[in-house]
file final20.cif (mmCIF, C-alpha atoms)
data_upload
loop_
_atom_site.label_atom_id
_atom_site.label_comp_id
_atom_site.auth_asym_id
_atom_site.auth_seq_id
_atom_site.Cartn_x
_atom_site.Cartn_y
_atom_site.Cartn_z
CA MET A 260 31.47 -38.96 10.07
CA ASP A 261 30.77 -39.09 13.80
CA GLU A 262 34.20 -37.74 14.53
CA ALA A 263 33.75 -34.99 12.00
CA GLY A 264 30.38 -34.23 13.48
CA GLY A 265 31.88 -34.10 16.95
CA ASN A 266 34.59 -31.72 15.79
CA PHE A 267 32.00 -29.54 14.08
CA LYS A 268 29.90 -29.28 17.24
CA LYS A 269 32.94 -28.54 19.33
CA LYS A 270 33.97 -25.79 16.92
CA LYS A 271 30.51 -24.28 16.96
CA THR A 272 30.42 -24.36 20.76
CA ALA A 273 33.82 -22.73 20.97
CA ASP A 274 32.74 -19.98 18.58
CA VAL A 275 29.59 -19.23 20.54
CA SER A 276 31.42 -19.25 23.85
CA GLN A 277 33.65 -16.47 22.60
CA LEU A 278 30.76 -14.16 21.77
CA SER A 279 29.93 -11.22 24.01
CA LYS A 280 26.53 -10.84 25.63
CA GLU A 281 25.49 -8.29 23.02
CA ASP A 282 26.61 -10.56 20.17
CA LEU A 283 24.71 -13.50 21.67
CA LEU A 284 21.54 -11.43 21.93
CA GLU A 285 21.94 -10.31 18.32
CA ARG A 286 22.46 -13.93 17.23
CA ILE A 287 19.28 -14.94 19.06
CA ARG A 288 17.32 -12.12 17.42
CA GLN A 289 18.54 -13.18 13.99
CA LEU A 290 17.61 -16.81 14.59
CA GLU A 291 14.15 -15.85 15.89
CA PHE A 292 13.60 -13.69 12.80
CA HIS A 293 14.55 -16.54 10.44
CA VAL A 294 12.34 -19.00 12.36
CA ASN A 295 9.38 -16.62 12.05
CA GLN A 296 10.08 -16.22 8.33
CA LEU A 297 9.98 -19.98 7.84
CA LYS A 298 6.80 -20.31 9.90
CA ASN A 299 5.07 -17.62 7.82
CA VAL A 300 6.17 -19.20 4.53
CA ILE A 301 4.87 -22.61 5.69
CA ALA A 302 1.63 -21.09 6.99
CA LYS A 303 1.14 -19.23 3.72
CA LYS A 304 1.51 -22.44 1.70
CA ASP A 305 -0.76 -24.37 4.07
CA GLY A 306 -3.37 -21.61 3.88
CA HIS A 307 -3.43 -21.67 0.08
CA ASN A 308 -3.62 -25.47 0.07
CA LYS A 309 -6.47 -25.51 2.59
CA THR A 310 -8.36 -22.83 0.66
CA ALA A 311 -7.94 -24.73 -2.59
CA ALA A 312 -9.00 -28.00 -0.98
CA LYS A 313 -12.01 -26.40 0.67
CA THR A 314 -13.08 -24.74 -2.56
CA SER A 315 -12.61 -27.83 -4.68
CA GLY A 316 -14.58 -29.91 -2.22
CA LYS A 317 -17.70 -27.75 -2.40
CA GLN A 318 -17.60 -26.33 -5.91
CA ARG A 319 -17.17 -27.98 -9.26
CA PRO A 320 -13.95 -27.02 -11.07
CA LEU A 321 -14.10 -24.17 -13.55
CA ASP A 322 -12.84 -24.57 -17.09
CA TRP A 323 -11.09 -21.23 -17.28
CA SER A 324 -10.56 -21.57 -21.02
CA LYS A 325 -14.33 -21.14 -21.41
CA GLN A 326 -14.71 -18.21 -19.02
CA ASN A 327 -15.04 -14.69 -20.36
CA LYS A 328 -12.95 -12.12 -18.55
CA ARG A 329 -13.27 -8.41 -18.04
CA HIS A 330 -10.52 -5.90 -17.38
CA VAL A 331 -11.75 -3.72 -14.54
CA ALA A 332 -10.52 -1.16 -12.05
CA LEU A 333 -11.39 -1.58 -8.37
CA LYS A 334 -11.42 1.32 -5.92
CA ILE A 335 -10.44 0.05 -2.47
CA ALA A 336 -10.35 1.62 1.02
CA TYR A 337 -8.61 0.07 3.98
CA LEU A 338 -7.28 0.63 7.47
CA GLY A 339 -3.63 -0.31 7.27
CA TRP A 340 -2.81 0.15 10.95
CA ASP A 341 -2.59 -3.58 11.71
CA TYR A 342 -1.06 -4.62 8.39
CA LYS A 343 2.56 -4.87 7.25
CA GLY A 344 1.87 -2.84 4.13
CA PHE A 345 -0.08 -3.20 0.90
CA VAL A 346 2.23 -5.40 -1.17
CA VAL A 347 2.52 -9.17 -0.67
CA GLN A 348 5.63 -10.17 1.27
CA GLU A 349 7.39 -13.52 1.73
CA ASP A 350 7.71 -13.35 5.51
CA THR A 351 4.13 -12.43 6.45
CA ASN A 352 0.51 -12.96 5.41
CA MET A 353 -0.60 -9.69 7.00
CA THR A 354 -0.70 -7.51 3.89
CA ILE A 355 -3.66 -5.84 2.18
CA GLU A 356 -2.76 -7.39 -1.17
CA ASN A 357 -2.69 -10.88 0.32
CA ALA A 358 -6.21 -10.41 1.70
CA ILE A 359 -7.47 -9.11 -1.65
CA PHE A 360 -6.06 -12.01 -3.67
CA ASP A 361 -7.32 -14.51 -1.12
CA ALA A 362 -10.83 -13.08 -1.60
CA LEU A 363 -10.54 -13.09 -5.42
CA LEU A 364 -9.38 -16.70 -5.46
CA ARG A 365 -12.05 -17.88 -3.04
CA ALA A 366 -14.73 -16.10 -5.08
CA ARG A 367 -13.30 -17.72 -8.23
CA LEU A 368 -13.05 -14.36 -9.93
CA ILE A 369 -9.47 -15.13 -11.01
CA GLU A 370 -7.64 -18.34 -11.79
CA SER A 371 -4.34 -17.10 -10.38
CA ARG A 372 -2.48 -13.88 -9.70
CA GLU A 373 0.01 -14.70 -12.45
CA THR A 374 -2.72 -14.80 -15.13
CA SER A 375 -4.78 -11.87 -13.85
CA ASN A 376 -3.04 -8.93 -15.60
CA TYR A 377 -2.75 -7.18 -12.24
CA HIS A 378 -1.48 -3.65 -11.53
CA ARG A 379 -1.65 -1.56 -8.36
CA CYS A 380 -1.69 2.24 -8.16
CA GLY A 381 0.35 2.68 -4.98
CA ARG A 382 2.60 0.74 -2.61
CA THR A 383 1.52 1.95 0.82
CA ASP A 384 3.88 0.98 3.64
CA LYS A 385 3.29 -0.71 6.98
CA GLY A 386 0.58 1.05 8.99
CA VAL A 387 -0.51 3.36 6.16
CA SER A 388 -4.22 3.46 5.22
CA ALA A 389 -6.09 4.37 2.06
CA PHE A 390 -9.43 5.94 1.21
CA CYS A 391 -8.78 5.41 -2.51
CA GLN A 392 -6.35 2.72 -3.55
CA VAL A 393 -6.94 1.50 -7.12
CA ILE A 394 -6.01 -1.79 -8.77
CA SER A 395 -6.62 -3.03 -12.32
CA ILE A 396 -7.19 -6.72 -12.99
CA ASP A 397 -8.92 -9.27 -15.25
CA LEU A 398 -11.93 -10.78 -13.47
CA ARG A 399 -14.27 -13.56 -14.54
CA SER A 400 -17.22 -12.10 -16.47
CA VAL A 401 -20.71 -13.29 -17.42
CA VAL A 402 -21.26 -10.85 -20.28
CA SER A 403 -20.00 -11.11 -23.84
CA THR A 404 -19.95 -7.42 -24.85
CA GLY A 405 -18.84 -4.20 -23.25
CA VAL A 406 -15.74 -2.23 -22.30
CA GLY A 407 -12.89 -4.47 -21.21
CA VAL A 408 -14.62 -7.76 -22.01
CA ILE A 409 -12.30 -10.54 -23.22
CA VAL A 410 -14.41 -13.24 -24.89
CA ALA A 411 -13.39 -16.87 -24.49
CA ASP A 412 -13.54 -19.45 -27.31
CA ALA A 413 -16.70 -20.18 -29.33
CA ASN A 414 -17.95 -22.58 -26.67
CA GLY A 415 -17.45 -20.09 -23.89
CA GLN A 416 -20.04 -18.75 -21.48
CA GLY A 417 -21.27 -15.19 -21.15
CA ASP A 418 -24.81 -14.49 -22.28
CA SER A 419 -25.96 -12.55 -19.21
CA LYS A 420 -27.38 -9.04 -19.66
CA SER A 421 -25.85 -7.76 -16.42
CA GLU A 422 -22.36 -8.12 -15.01
CA LEU A 423 -21.42 -9.87 -11.78
CA ASP A 424 -21.77 -7.72 -8.65
CA TYR A 425 -18.03 -7.54 -8.12
CA VAL A 426 -18.20 -5.15 -5.16
CA ALA A 427 -20.62 -7.25 -3.11
CA ILE A 428 -19.00 -10.57 -3.99
CA ILE A 429 -15.51 -9.50 -2.92
CA ASN A 430 -16.65 -7.64 0.20
CA ARG A 431 -18.42 -10.75 1.53
CA ILE A 432 -15.01 -12.39 1.85
CA LEU A 433 -12.72 -9.48 2.73
CA PRO A 434 -12.10 -8.56 6.38
CA SER A 435 -14.16 -5.59 7.56
CA GLU A 436 -11.20 -3.20 7.56
CA ILE A 437 -10.79 -3.66 3.79
CA ARG A 438 -13.65 -2.61 1.49
CA VAL A 439 -14.11 -2.42 -2.26
CA LEU A 440 -15.96 0.87 -2.79
CA ALA A 441 -16.53 0.77 -6.55
CA TRP A 442 -15.62 -0.90 -9.81
CA ALA A 443 -15.27 0.35 -13.37
CA PRO A 444 -14.91 -1.39 -16.73
CA VAL A 445 -11.72 -0.20 -18.44
CA ASN A 446 -9.91 -0.88 -21.69
CA VAL A 447 -7.79 -4.01 -21.76
CA ASP A 448 -4.57 -1.97 -21.87
CA PHE A 449 -5.50 0.17 -18.84
CA SER A 450 -3.03 0.10 -15.95
CA ALA A 451 -3.87 1.34 -12.46
CA ARG A 452 -0.21 2.24 -12.07
CA PHE A 453 0.84 3.76 -15.38
CA ASP A 454 -2.45 5.51 -16.27
CA CYS A 455 -2.74 7.32 -12.95
CA LYS A 456 -2.55 11.10 -13.48
CA SER A 457 -1.89 12.05 -9.86
CA ARG A 458 -1.82 10.58 -6.36
CA THR A 459 -3.01 12.57 -3.35
CA TYR A 460 -1.84 11.76 0.16
CA LYS A 461 -3.09 13.29 3.40
CA TYR A 462 -1.37 13.29 6.78
CA PHE A 463 -3.60 14.05 9.79
CA PHE A 464 -2.21 15.54 13.03
CA PRO A 465 -3.33 17.63 16.04
CA ARG A 466 -2.55 21.33 15.89
CA GLY A 467 -1.28 21.77 19.43
CA ASP A 468 1.10 24.73 19.55
CA LEU A 469 2.44 24.26 16.01
CA ASN A 470 3.00 27.33 13.85
CA ILE A 471 0.81 26.46 10.87
CA ASP A 472 1.81 29.56 8.88
CA ALA A 473 5.48 28.60 9.10
CA MET A 474 4.65 25.02 8.11
CA ASN A 475 2.75 26.29 5.08
CA GLU A 476 5.64 28.54 4.08
CA ALA A 477 7.89 25.51 4.19
CA ALA A 478 5.33 23.33 2.36
CA SER A 479 5.16 25.84 -0.50
CA LYS A 480 8.85 25.21 -1.18
CA LEU A 481 8.02 21.59 -2.04
CA VAL A 482 6.06 22.57 -5.14
CA GLY A 483 7.93 21.99 -8.38
CA ALA A 484 10.71 19.58 -9.34
CA HIS A 485 13.35 18.94 -6.69
CA ASP A 486 15.94 16.34 -5.74
CA PHE A 487 14.38 14.61 -2.70
CA ARG A 488 17.28 12.29 -1.79
CA ASN A 489 17.55 14.03 1.60
CA LEU A 490 13.81 13.62 2.13
CA CYS A 491 13.29 9.92 1.48
CA LYS A 492 14.65 6.49 2.31
CA MET A 493 17.06 5.22 -0.30
CA ASP A 494 15.64 2.30 -2.30
CA VAL A 495 18.69 1.54 -4.44
CA GLY A 496 18.12 -2.19 -3.91
CA ASN A 497 15.00 -1.93 -6.09
CA GLY A 498 16.80 0.05 -8.77
CA VAL A 499 15.77 3.56 -7.67
CA THR A 500 18.67 5.86 -8.54
CA GLU A 501 16.74 8.96 -9.67
CA PHE A 502 15.47 11.14 -6.83
CA ILE A 503 13.96 14.10 -8.67
CA ARG A 504 10.18 14.30 -8.24
CA ARG A 505 7.67 16.99 -9.20
CA ILE A 506 5.17 18.07 -6.56
CA ASP A 507 1.97 19.62 -7.96
CA SER A 508 0.70 21.05 -4.68
CA ALA A 509 1.44 20.89 -0.95
CA GLU A 510 -0.53 22.59 1.81
CA VAL A 511 -1.23 22.42 5.54
CA SER A 512 -4.81 23.25 6.52
CA VAL A 513 -6.76 23.36 9.78
CA GLU A 514 -9.88 21.22 9.87
CA ALA A 515 -13.00 21.88 11.96
CA ASP A 516 -12.31 22.72 15.61
CA GLN A 517 -14.23 20.44 17.99
CA ASP A 518 -14.23 21.13 21.73
CA GLY A 519 -11.11 23.24 21.41
CA TYR A 520 -9.21 20.44 19.65
CA SER A 521 -8.04 21.34 16.15
CA THR A 522 -7.10 18.66 13.63
CA CYS A 523 -4.75 19.64 10.85
CA VAL A 524 -4.00 17.90 7.57
CA PHE A 525 -1.06 18.07 5.22
CA THR A 526 -2.19 17.43 1.64
CA ILE A 527 0.32 16.68 -1.10
CA VAL A 528 -0.33 15.90 -4.77
CA SER A 529 2.15 14.37 -7.19
CA LYS A 530 2.28 11.75 -9.91
CA ALA A 531 5.01 9.73 -8.20
CA TYR A 532 6.74 9.52 -4.84
CA LEU A 533 9.88 8.05 -3.30
CA TRP A 534 10.02 5.53 -0.45
CA HIS A 535 9.01 7.20 2.86
CA GLN A 536 9.11 10.60 1.14
CA ILE A 537 5.98 12.00 2.78
CA ARG A 538 6.92 10.83 6.28
CA CYS A 539 10.34 12.45 5.88
CA ILE A 540 8.71 15.67 4.67
CA MET A 541 6.36 15.65 7.66
CA ALA A 542 9.29 15.21 10.04
CA ILE A 543 10.85 18.41 8.69
CA LEU A 544 7.54 20.29 8.67
CA PHE A 545 7.06 19.40 12.34
CA THR A 546 10.50 20.82 13.22
CA VAL A 547 9.48 24.02 11.42
CA GLY A 548 6.10 24.11 13.17
CA LYS A 549 7.82 23.75 16.55
CA GLY A 550 10.18 26.62 15.75
CA LEU A 551 13.28 24.40 15.75
CA GLU A 552 14.03 25.19 12.11
CA ALA A 553 13.16 28.01 9.71
CA PRO A 554 11.08 27.26 6.57
CA GLN A 555 14.26 27.80 4.53
CA ILE A 556 15.57 24.46 5.84
CA LEU A 557 13.92 22.82 2.83
CA ASP A 558 15.90 24.98 0.41
CA GLU A 559 19.06 23.72 2.07
CA MET A 560 17.98 20.07 1.96
CA PHE A 561 17.30 20.35 -1.77
CA ASP A 562 20.89 21.53 -2.28
CA VAL A 563 22.42 18.05 -2.63
CA GLU A 564 25.81 19.41 -3.69
CA ARG A 565 26.12 21.34 -0.45
CA TYR A 566 24.54 18.55 1.60
CA PRO A 567 25.30 15.26 -0.21
CA CYS A 568 24.57 13.13 2.88
CA LYS A 569 21.10 12.84 4.36
CA PRO A 570 20.81 14.62 7.74
CA GLN A 571 19.89 12.52 10.76
CA TYR A 572 16.25 12.87 11.79
CA THR A 573 13.37 10.60 12.83
CA MET A 574 10.60 10.04 10.30
CA ALA A 575 7.05 10.98 11.25
CA CYS A 576 4.73 8.20 12.41
CA GLU A 577 3.09 6.17 9.64
CA LEU A 578 -0.39 5.77 11.18
CA PRO A 579 -1.83 9.21 10.23
CA LEU A 580 -0.78 8.83 6.58
CA ASN A 581 -3.45 8.08 4.01
CA LEU A 582 -3.54 7.49 0.26
CA TYR A 583 -6.50 9.80 -0.23
CA ASP A 584 -7.13 9.87 -3.98
CA CYS A 585 -5.90 8.45 -7.28
CA SER A 586 -6.89 10.43 -10.37
CA TYR A 587 -7.67 8.94 -13.82
CA ASP A 588 -9.15 10.15 -17.08
CA ASP A 589 -12.41 8.67 -18.39
CA VAL A 590 -13.00 6.07 -15.68
CA GLN A 591 -16.70 5.68 -14.88
CA TRP A 592 -17.03 4.26 -11.37
CA THR A 593 -20.03 2.18 -10.27
CA TYR A 594 -20.70 2.53 -6.53
CA ASP A 595 -22.90 0.43 -4.26
CA LYS A 596 -24.43 2.38 -1.37
CA GLY A 597 -24.70 -0.71 0.78
CA GLU A 598 -21.11 -1.77 0.22
CA ALA A 599 -19.20 1.52 0.46
CA VAL A 600 -18.98 1.31 4.24
CA LEU A 601 -15.90 0.86 6.41
CA PRO A 602 -15.81 0.29 10.18
CA SER A 603 -17.33 3.12 12.22
CA HIS A 604 -13.96 4.16 13.67
CA LEU A 605 -12.78 5.09 10.15
CA LEU A 606 -15.97 7.01 9.42
CA SER A 607 -15.54 8.99 12.63
CA MET A 608 -11.98 9.78 11.55
CA ASN A 609 -12.99 11.21 8.18
CA PRO A 610 -16.52 10.64 6.88
CA SER A 611 -15.91 12.85 3.83
CA TYR A 612 -14.24 9.99 1.92
CA LEU A 613 -17.61 8.43 1.09
CA PRO A 614 -18.55 8.88 -2.57
CA THR A 615 -21.64 10.70 -3.75
CA VAL A 616 -23.96 8.07 -5.19
#

call {"tool": "encode", "arguments": {"input": "final20.cif", "output": "structure tokens"}}
result
Amino acid sequence: MDEAGGNFKKKKTADVSQLSKEDLLERIRQLEFHVNQLKNVIAKKDGHNKTAAKTSGKQRPLDWSKQNKRHVALKIAYLGWDYKGFVVQEDTNMTIENAIFDALLRARLIESRETSNYHRCGRTDKGVSAFCQVISIDLRSVVSTGVGVIVADANGQGDSKSELDYVAIINRILPSEIRVLAWAPVNVDFSARFDCKSRTYKYFFPRGDLNIDAMNEAASKLVGAHDFRNLCKMDVGNGVTEFIRRIDSAEVSVEADQDGYSTCVFTIVSKAYLWHQIRCIMAILFTVGKGLEAPQILDEMFDVERYPCKPQYTMACELPLNLYDCSYDDVQWTYDKGEAVLPSHLLSMNPSYLPTV
């Protein structure tokens, strides 16, 4: 065994010694990445264990079989600039979804994610924010009647006349850059993902010397059903092989001019999008606005038979992108004036997101 081990080490050393400087640096980067992955997985497990231990030490256990539940929709706003995206990931805890589920578990509004009947409306990427993300989920309830209420067994609890203050409870635990703005009782078969009628994104940018008319001419070509494979990042690994999407509207507008500085916004509405689709679209619109391409460039990019391979270009920055609205039929939102507040730097960016209450 020792001899075999010695031979193994010698072989490994010989292999490494033959690597070039660039290969060695790449090997180091790979090892550092895997070490960070392992650290994050361990930290994630430790965090859940500590949270569970802390909760169990101060609160009596809940018999979830006796707890009424209620299927609700939650409207959430967040600054995604410092997060790795919305969806939970194995190699990091810095996701919006992770923070939300941590708050729900600590508040004992759910027993676990697996039993919560959870759906999300959108999967915003790293750095992307939202003024109106929507999730649907079963939360613990203290009422026995009403839309979305799921009554426990005969010995269950739920004789209160008013529901839990979901918005305030969750916001007490969430970090300040993530806020629940409103909640709504919904039917038990409601899905934040599949029942969404349209999703509106906005991309904010300074006007500078951009030709807004040319950008709008190009944006108008997006409307309708097109093959967007040249205007997205391929996601074949997740089973996405269909790249035709229908855009309901797309427009570039100039916001209020303050001190000679004009802010523009690209607004796009569709029911579904592809991975990085909007950032790719913005990259092309910027080339049109700068006069580097004609608006007809989009007609050419939609012609996948003529251009079967995606052209080389750099996607637009993710930070100005915002999931601005998610549209549903017959959802009655309940807002809380005191809770629908995000950090002041978001309000200064766009105060119009606040609901009318």

call {"tool": "residues_around", "arguments": {"input": "final20.cif", "residues": "Gly483 (chain A)", "least_positions_apart": "2", "cutoff": "7 Å", "atoms": "only C-alpha atoms", "output": "PyMOL selection string"}}
result
chain A and resi 481+485+505-507

call {"tool": "resolve_selection", "arguments": {"input": "final20.cif", "expression": "the PyMOL selection byres ((chain A and resi 553) around 12)", "output": "list in words"}}
result
Asn470, Asp472, Ala473, Met474, Asn475, Glu476, Ala477, Ala478, Ile543, Leu544, Phe545, Thr546, Val547, Gly548, Lys549, Gly550, Leu551, Glu552, Pro554, Gln555, Ile556, Leu557, Asp558 and Glu559 of chain A

call {"tool": "closest_residue", "arguments": {"input": "final20.cif", "among": "A:Val393, A:Ala509, A:Val408, A:Met560", "to": "Val528 (chain A)", "atoms": "all atoms listed in the file"}}
result
A:Ala509

call {"tool": "closest_residue", "arguments": {"input": "final20.cif", "among": "A:Tyr425, A:Phe345, A:Tyr520, A:Phe360", "to": "Lys385 (chain A)", "atoms": "all atoms listed in the file"}}
result
A:Phe345

call {"tool": "resolve_selection", "arguments": {"input": "final20.cif", "expression": "the PyMOL selection byres ((chain A and resi 437-450) around 9)", "output": "ChimeraX atom specification"}}
result
/A:329-339,355,358-359,377-380,391,394-397,405-409,425-427,429-430,433-436,451-455,589-596,598-601,613-614

call {"tool": "residues_around", "arguments": {"input": "final20.cif", "residues": "Lys328 (chain A)", "least_positions_apart": "6", "cutoff": "9 Å", "atoms": "all atoms listed in the file", "output": "list in words"}}
result
Leu368, Ile369, Asp397, Leu398, Arg399, Ser400, Val401, Val402, Ser403, Gly407, Val408, Ile409, Val410 and Ala411 of chain A

call {"tool": "closest_residue", "arguments": {"input": "final20.cif", "among": "A:Asn295, A:Asn327, A:Asn352, A:Gln289", "to": "Glu422 (chain A)", "atoms": "all atoms listed in the file"}}
result
A:Asn327

call {"tool": "closest_residue", "arguments": {"input": "final20.cif", "among": "A:Ala366, A:Gln392, A:Lys569, A:Glu564", "to": "Ser586 (chain A)", "atoms": "all atoms listed in the file"}}
result
A:Gln392
